[in-house]
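Here the structure is laid out as structure tokens; the discussion comes afterwards.
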Amino acid sequence: MKKDPICNMDVDERTALAAECDSKIYYFCSEGCRERFLTETVCELPRTSYDLIIIGGGPAGLTAAVYADMLKIDAFLLTKDLGGQAIDSTKVENYMGYDFITGPELTEKFQHQLIYSHYIDHLISEADKIEAVQGGFNVTTSELKTYFARSLIISTGMTRRKLDVPGEEEFQRKGLFYGNIQDLSFVTGEDVAVIGGGNSAVQIVEKMRTVVKNIHLISDRLSADPSLVARISHFENLKMYEGYRVIDFRGENALSGLTIRKTAGEETLNQSVRGVFIAIGLEPNSHLVSDVVEFNEKGEIVIGPDCSTSCPGLFAAGDVTDAFGKRIIIASGEGAKAAMAVRQYLLDLRKAPD
Ligand SMILES: Cc1cc2nc3c(=O)[nH]c(=O)nc-3n(C[C@H](O)[C@H](O)[C@H](O)COP(=O)(O)OP(=O)(O)OC[C@H]3O[C@@H](n4cnc5c(N)ncnc54)[C@H](O)[C@@H]3O)c2cc1C
């Protein structure tokens, strides 16, 4: 694998587009990035100013990017990854046009549409800071590069809360999952642990009941609705560990167990499990604009019907907003709407007297 020098994307040198410069070969994700490389190398003027910057490349941001190209908006996409949460969905059965598709397959189609059919400038990096400045916004990346745009779409989605314990990153998707997943074949007849005490955790337990051998439900506090707790408490294959926290996850190539400890006390237990399902909540990735726009009590960005926020020129779309329904199709629709609203905003700016 090589890195596209323009957008930072990992590319396969056997299939990627290439260009030679100063006797060195460079590889690119797309014709668009190759062209930018050749232009910027010759002119020595990397672009840092756009009409629109889209932050976040999940379904909302990628759709906004495709629409931005279709609407001829001079736009730039800045994202930590291409796909967002949808990559973690093993079975998408509620996206129009497909009876069934996996999250990675759907994401690949989104990426393809962006890179090959509706190219806009893009960079795989993290937005670290957003400032409202005269005439627009400055966006600074984690590599301390600053970009300016007259408008922004924030589509940074949500992140599953993590436990922050050893082994958690290492075994992610190798037996360790966040929330509910569709394909449970890898834990059929095996022992599993569900971490969390809320309704989501209890619903995962209900779903696992007939599939797995034993379920360990581990929580600081069982806070799920009493009716739900009552429903699971008679499951013969369920052991509840209330007042425990996870210390670490272990395994060789895939997860094989975890250690838990009593919150009040030193008692430690080792459990052998093939799967762990962590359900300790989700949080909107909205902190970047906490000084700039209005939030609701969940920390979601409050938007109007056209995805506008309390800050003129700053639009938001998808799971990071207070829009009802956290789904791929809804996030995509909101992304399209945000791009259309940005176009109108930019047209109005041009018409406005100086
Ligand atoms: C396991 C799982 C299964 C799911 N299954 C389904 C399903 O079957 N059907 C369905 O409809 N929905 C499903 N969902 C929900 C669906 O994935 C989300 O509703 C959807 O992805 C939201 O899209 P989004 O673009 O708003 O945000 P996200 O998908 O969260 O994307 C946000 C993007 O922003 C980027 N980002 C965040 N912060 C920054 C930053 N500071 N700088 C740059 N980039 C940043 C992220 O890297 C990511 O690319 C599932 C979710 C999960 C977790």
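Quick note on naming: the chains in the structure tokens go A, B, ... in the order shown, residues restart at 1 in each chain, and ligands are numbered from 1 in order of appearance.
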
Checklist entry - Residues at most 8 Å from region 285-292 of chain A, counting only C-alpha atoms, excluding those fewer than 3 positions away in the same chain, as an MDAnalysis selection string? => result chainID A and resid 127:132 156:159 295 299:301 311 320

Checklist entry - Counting only C-alpha atoms and all ligand atoms, which protein, DNA or RNA residues come within 7 Å of ligand 1, given as a PyMOL selection string? => result chain A and resi 55-61+78-86+88-95+125-128+155-159+178-181+285+288+317-320+326-329+331-332

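With only C-alpha atoms as the atoms that count, the minimum distance from Gly313 (chain A) to the choices A:Asn296, A:Gln113, A:Gln271, A:Ser151 is reached by A:Ser151.
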
Item to check | Contacts of His234 (chain A) within 12 Å, only C-alpha atoms, excl. fewer than 4 positions in-chain, as a list of chain:residue names | outcome: A:Val205, A:Glu206, A:Arg209, A:Leu228, A:Val229, A:Ala230, A:Leu238, A:Lys239, A:Met240

Write a file of the selected residues as a PDB file, in the first residue's frame, keeping N, CA, C and O atoms.
ATOM      1  N   VAL A 205     -28.862  -8.640  24.980  1.00  0.00           N
ATOM      2  CA  VAL A 205     -28.988  -9.903  25.722  1.00  0.00           C
ATOM      3  C   VAL A 205     -30.189 -10.700  25.199  1.00  0.00           C
ATOM      4  O   VAL A 205     -30.094 -11.905  24.929  1.00  0.00           O
ATOM      5  N   GLU A 206     -31.301 -10.007  24.996  1.00  0.00           N
ATOM      6  CA  GLU A 206     -32.515 -10.687  24.504  1.00  0.00           C
ATOM      7  C   GLU A 206     -32.267 -11.349  23.154  1.00  0.00           C
ATOM      8  O   GLU A 206     -32.686 -12.467  22.898  1.00  0.00           O
ATOM      9  N   ARG A 209     -29.977 -14.520  23.387  1.00  0.00           N
ATOM     10  CA  ARG A 209     -30.422 -15.603  24.265  1.00  0.00           C
ATOM     11  C   ARG A 209     -30.469 -16.977  23.599  1.00  0.00           C
ATOM     12  O   ARG A 209     -29.965 -17.963  24.132  1.00  0.00           O
ATOM     13  N   LEU A 228     -37.869  -4.367  31.207  1.00  0.00           N
ATOM     14  CA  LEU A 228     -36.905  -5.090  30.361  1.00  0.00           C
ATOM     15  C   LEU A 228     -36.032  -6.012  31.225  1.00  0.00           C
ATOM     16  O   LEU A 228     -35.777  -7.168  30.866  1.00  0.00           O
ATOM     17  N   VAL A 229     -35.613  -5.495  32.379  1.00  0.00           N
ATOM     18  CA  VAL A 229     -34.766  -6.303  33.270  1.00  0.00           C
ATOM     19  C   VAL A 229     -35.556  -7.540  33.725  1.00  0.00           C
ATOM     20  O   VAL A 229     -35.029  -8.665  33.746  1.00  0.00           O
ATOM     21  N   ALA A 230     -36.842  -7.318  34.027  1.00  0.00           N
ATOM     22  CA  ALA A 230     -37.678  -8.445  34.472  1.00  0.00           C
ATOM     23  C   ALA A 230     -37.756  -9.510  33.382  1.00  0.00           C
ATOM     24  O   ALA A 230     -37.745 -10.717  33.654  1.00  0.00           O
ATOM     25  N   LEU A 238     -28.145 -16.659  31.380  1.00  0.00           N
ATOM     26  CA  LEU A 238     -27.648 -15.298  31.665  1.00  0.00           C
ATOM     27  C   LEU A 238     -27.106 -15.199  33.087  1.00  0.00           C
ATOM     28  O   LEU A 238     -27.768 -15.612  34.050  1.00  0.00           O
ATOM     29  N   LYS A 239     -25.869 -14.632  33.183  1.00  0.00           N
ATOM     30  CA  LYS A 239     -25.319 -14.322  34.507  1.00  0.00           C
ATOM     31  C   LYS A 239     -25.101 -12.818  34.566  1.00  0.00           C
ATOM     32  O   LYS A 239     -24.444 -12.258  33.677  1.00  0.00           O
ATOM     33  N   MET A 240     -25.672 -12.189  35.603  1.00  0.00           N
ATOM     34  CA  MET A 240     -25.555 -10.735  35.695  1.00  0.00           C
ATOM     35  C   MET A 240     -24.472 -10.355  36.699  1.00  0.00           C
ATOM     36  O   MET A 240     -24.456 -10.880  37.811  1.00  0.00           O
TER      37      MET A 240
END

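Between Ala316 (chain A) and the residues A:Leu152, A:Val133, A:Met340, A:Ala18, the shortest atom-to-atom distance, using only C-alpha atoms, involves A:Leu152.
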
Next on the checklist: From a backbone DSSP assignment, name each residue in region 29-71 of chain A labelled helix (DSSP H, G or I), as JSON, numbers by chain.
Outcome noted: {"A": [31, 32, 33, 34, 35, 36, 37, 38, 39, 40, 41, 42, 43, 59, 60, 61, 62, 63, 64, 65, 66, 67, 68, 69, 70]}

File dump, residues just selected, N, CA and C atoms, as an mmCIF file, in the first residue's frame:
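New file out.cif:
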data_model
loop_
_atom_site.group_PDB
_atom_site.id
_atom_site.type_symbol
_atom_site.label_atom_id
_atom_site.label_comp_id
_atom_site.auth_asym_id
_atom_site.auth_seq_id
_atom_site.Cartn_x
_atom_site.Cartn_y
_atom_site.Cartn_z
ATOM 1 N N GLU A 31 -8.109 10.371 -10.572
ATOM 2 C CA GLU A 31 -7.583 11.322 -11.552
ATOM 3 C C GLU A 31 -7.573 12.727 -10.944
ATOM 4 N N GLY A 32 -8.598 13.015 -10.135
ATOM 5 C CA GLY A 32 -8.702 14.344 -9.513
ATOM 6 C C GLY A 32 -7.490 14.649 -8.656
ATOM 7 N N CYS A 33 -7.084 13.691 -7.810
ATOM 8 C CA CYS A 33 -5.931 13.920 -6.937
ATOM 9 C C CYS A 33 -4.647 14.004 -7.752
ATOM 10 N N ARG A 34 -4.557 13.200 -8.813
ATOM 11 C CA ARG A 34 -3.336 13.251 -9.636
ATOM 12 C C ARG A 34 -3.202 14.627 -10.297
ATOM 13 N N GLU A 35 -4.336 15.103 -10.822
ATOM 14 C CA GLU A 35 -4.326 16.428 -11.466
ATOM 15 C C GLU A 35 -3.920 17.508 -10.473
ATOM 16 N N ARG A 36 -4.489 17.412 -9.253
ATOM 17 C CA ARG A 36 -4.159 18.408 -8.224
ATOM 18 C C ARG A 36 -2.670 18.371 -7.900
ATOM 19 N N PHE A 37 -2.132 17.161 -7.823
ATOM 20 C CA PHE A 37 -0.702 16.993 -7.506
ATOM 21 C C PHE A 37 0.147 17.681 -8.566
ATOM 22 N N LEU A 38 -0.197 17.396 -9.850
ATOM 23 C CA LEU A 38 0.614 17.944 -10.928
ATOM 24 C C LEU A 38 0.501 19.474 -10.944
ATOM 25 N N THR A 39 -0.724 19.995 -10.770
ATOM 26 C CA THR A 39 -0.919 21.448 -10.775
ATOM 27 C C THR A 39 -0.205 22.086 -9.594
ATOM 28 N N GLU A 40 -0.411 21.513 -8.405
ATOM 29 C CA GLU A 40 0.146 22.149 -7.208
ATOM 30 C C GLU A 40 1.669 22.025 -7.166
ATOM 31 N N THR A 41 2.205 20.952 -7.766
ATOM 32 C CA THR A 41 3.659 20.799 -7.792
ATOM 33 C C THR A 41 4.272 21.845 -8.722
ATOM 34 N N VAL A 42 3.605 22.042 -9.870
ATOM 35 C CA VAL A 42 4.120 23.020 -10.821
ATOM 36 C C VAL A 42 3.945 24.446 -10.277
ATOM 37 N N CYS A 43 2.747 24.733 -9.761
ATOM 38 C CA CYS A 43 2.460 26.113 -9.325
ATOM 39 C C CYS A 43 2.940 26.384 -7.906
ATOM 40 N N PRO A 59 -22.077 8.604 5.746
ATOM 41 C CA PRO A 59 -23.138 8.746 4.736
ATOM 42 C C PRO A 59 -23.582 10.196 4.523
ATOM 43 N N ALA A 60 -23.651 10.992 5.604
ATOM 44 C CA ALA A 60 -24.104 12.387 5.464
ATOM 45 C C ALA A 60 -23.070 13.194 4.680
ATOM 46 N N GLY A 61 -21.802 13.113 5.100
ATOM 47 C CA GLY A 61 -20.759 13.918 4.469
ATOM 48 C C GLY A 61 -20.482 13.492 3.041
ATOM 49 N N LEU A 62 -20.488 12.174 2.783
ATOM 50 C CA LEU A 62 -20.206 11.701 1.414
ATOM 51 C C LEU A 62 -21.335 12.109 0.468
ATOM 52 N N THR A 63 -22.573 12.047 0.960
ATOM 53 C CA THR A 63 -23.688 12.480 0.097
ATOM 54 C C THR A 63 -23.598 13.981 -0.142
ATOM 55 N N ALA A 64 -23.258 14.742 0.910
ATOM 56 C CA ALA A 64 -23.109 16.194 0.738
ATOM 57 C C ALA A 64 -22.025 16.477 -0.300
ATOM 58 N N ALA A 65 -20.949 15.674 -0.269
ATOM 59 C CA ALA A 65 -19.840 15.877 -1.213
ATOM 60 C C ALA A 65 -20.297 15.614 -2.657
ATOM 61 N N VAL A 66 -21.032 14.523 -2.844
ATOM 62 C CA VAL A 66 -21.519 14.194 -4.192
ATOM 63 C C VAL A 66 -22.470 15.299 -4.678
ATOM 64 N N TYR A 67 -23.342 15.755 -3.806
ATOM 65 C CA TYR A 67 -24.260 16.840 -4.177
ATOM 66 C C TYR A 67 -23.494 18.134 -4.454
ATOM 67 N N ALA A 68 -22.450 18.393 -3.651
ATOM 68 C CA ALA A 68 -21.669 19.621 -3.855
ATOM 69 C C ALA A 68 -21.092 19.618 -5.267
ATOM 70 N N ASP A 69 -20.596 18.460 -5.707
ATOM 71 C CA ASP A 69 -20.053 18.381 -7.064
ATOM 72 C C ASP A 69 -21.169 18.600 -8.089
ATOM 73 N N MET A 70 -22.318 17.938 -7.863
ATOM 74 C CA MET A 70 -23.416 18.075 -8.824
ATOM 75 C C MET A 70 -23.920 19.514 -8.897
#

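The spacing separating CA of His216 (chain A) from CA of Lys298 (chain A) amounts to 29.4 Å.
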
Item to check | Shell around Ile204 (chain A) at 8 Å using only C-alpha atoms, local window under 2 positions removed, as a ChimeraX atom specification | outcome: /A:179-180,194,200-202,206-208,277

Expected file: the selected residues, all heavy atoms, as a compact mmCIF listing (two decimals), in the first residue's frame:
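Writing done, so here's selection13.txt:
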# COMPACT_ATOMS: atom_id res chain seq x y z
N GLY A 179 -22.28 -2.08 20.34
CA GLY A 179 -23.71 -2.11 20.06
C GLY A 179 -24.14 -3.44 19.46
O GLY A 179 -23.47 -4.47 19.59
N ASN A 180 -25.26 -3.34 18.77
CA ASN A 180 -25.93 -4.50 18.23
C ASN A 180 -25.37 -4.84 16.86
O ASN A 180 -25.21 -3.95 16.05
CB ASN A 180 -27.40 -4.07 18.04
CG ASN A 180 -28.32 -5.21 18.18
OD1 ASN A 180 -27.90 -6.35 18.14
ND2 ASN A 180 -29.58 -4.91 18.32
N VAL A 194 -21.81 -9.06 27.45
CA VAL A 194 -22.44 -7.81 27.03
C VAL A 194 -22.08 -6.79 28.11
O VAL A 194 -22.28 -7.05 29.30
CB VAL A 194 -23.97 -7.96 26.89
CG1 VAL A 194 -24.60 -6.62 26.52
CG2 VAL A 194 -24.31 -9.02 25.85
N SER A 200 -30.14 -0.64 25.72
CA SER A 200 -29.49 -1.23 24.54
C SER A 200 -28.80 -2.53 24.93
O SER A 200 -28.90 -3.54 24.20
CB SER A 200 -28.44 -0.31 23.95
OG SER A 200 -28.94 0.95 23.78
N ALA A 201 -28.12 -2.52 26.06
CA ALA A 201 -27.40 -3.72 26.50
C ALA A 201 -28.40 -4.86 26.74
O ALA A 201 -28.17 -6.00 26.31
CB ALA A 201 -26.61 -3.43 27.77
N VAL A 202 -29.51 -4.53 27.39
CA VAL A 202 -30.51 -5.58 27.70
C VAL A 202 -31.12 -6.12 26.41
O VAL A 202 -31.37 -7.33 26.28
CB VAL A 202 -31.57 -5.00 28.66
CG1 VAL A 202 -32.76 -5.93 28.79
CG2 VAL A 202 -30.94 -4.74 30.02
N GLU A 206 -31.30 -10.01 25.00
CA GLU A 206 -32.52 -10.69 24.50
C GLU A 206 -32.27 -11.35 23.15
O GLU A 206 -32.69 -12.47 22.90
CB GLU A 206 -33.65 -9.68 24.35
CG GLU A 206 -34.34 -9.36 25.65
CD GLU A 206 -35.69 -8.68 25.42
OE1 GLU A 206 -35.67 -7.57 24.87
OE2 GLU A 206 -36.72 -9.27 25.79
N LYS A 207 -31.54 -10.60 22.29
CA LYS A 207 -31.27 -11.11 20.95
C LYS A 207 -30.33 -12.32 20.97
O LYS A 207 -30.46 -13.24 20.18
CB LYS A 207 -30.65 -9.97 20.13
CG LYS A 207 -30.54 -10.25 18.68
CD LYS A 207 -30.08 -9.02 17.97
CE LYS A 207 -29.41 -9.42 16.69
NZ LYS A 207 -28.68 -8.34 16.09
N MET A 208 -29.40 -12.32 21.93
CA MET A 208 -28.39 -13.38 22.00
C MET A 208 -28.94 -14.67 22.61
O MET A 208 -28.38 -15.74 22.41
CB MET A 208 -27.24 -12.97 22.95
CG MET A 208 -26.51 -11.75 22.57
SD MET A 208 -25.25 -12.20 21.40
CE MET A 208 -24.79 -10.60 20.85
N PHE A 277 -19.88 -7.45 23.42
CA PHE A 277 -20.72 -6.42 22.81
C PHE A 277 -20.84 -5.27 23.80
O PHE A 277 -21.39 -5.44 24.88
CB PHE A 277 -22.09 -7.01 22.44
CG PHE A 277 -21.94 -8.17 21.51
CD1 PHE A 277 -21.74 -9.47 22.00
CD2 PHE A 277 -21.92 -7.97 20.15
CE1 PHE A 277 -21.53 -10.54 21.15
CE2 PHE A 277 -21.71 -9.03 19.28
CZ PHE A 277 -21.52 -10.32 19.77

Next on the checklist: Which of region 177-289 of chain A end up as strand (DSSP E) when DSSP is run on this backbone - answer as a ChimeraX atom specification?
Outcome noted: /A:177-178,191-195,214-219,238-242,244-251,255-262,268-272,275-278,282-284

Next on the checklist: Which residues are close to Asn270 (chain A), i.e. within 10 Å by only C-alpha atoms, leaving aside same-chain residues fewer than 5 positions away? Reply as a PyMOL selection string.
Outcome noted: chain A and resi 247-249+257-261

Next, the residues of the selection above should be written as a short mmCIF file (atom, residue, chain, number, x, y, z; two decimals), in the first residue's frame with N, CA and C atoms.
data_model
loop_
_atom_site.label_atom_id
_atom_site.label_comp_id
_atom_site.auth_asym_id
_atom_site.auth_seq_id
_atom_site.Cartn_x
_atom_site.Cartn_y
_atom_site.Cartn_z
N ILE A 247 -11.57 -4.71 33.18
CA ILE A 247 -10.16 -4.33 33.40
C ILE A 247 -9.37 -4.45 32.10
N ASP A 248 -9.57 -5.55 31.37
CA ASP A 248 -8.87 -5.70 30.09
C ASP A 248 -9.52 -6.78 29.22
N PHE A 249 -9.12 -6.77 27.94
CA PHE A 249 -9.53 -7.83 27.00
C PHE A 249 -8.27 -8.56 26.56
N GLY A 257 -11.08 -13.59 25.78
CA GLY A 257 -11.56 -13.43 27.16
C GLY A 257 -11.41 -12.02 27.67
N LEU A 258 -11.89 -11.83 28.90
CA LEU A 258 -11.77 -10.51 29.53
C LEU A 258 -11.66 -10.68 31.04
N THR A 259 -11.19 -9.61 31.69
CA THR A 259 -11.09 -9.61 33.15
C THR A 259 -12.02 -8.53 33.66
N ILE A 260 -12.77 -8.85 34.71
CA ILE A 260 -13.63 -7.83 35.34
C ILE A 260 -13.29 -7.75 36.82
N ARG A 261 -13.57 -6.57 37.39
CA ARG A 261 -13.29 -6.39 38.82
C ARG A 261 -14.47 -5.70 39.48
#
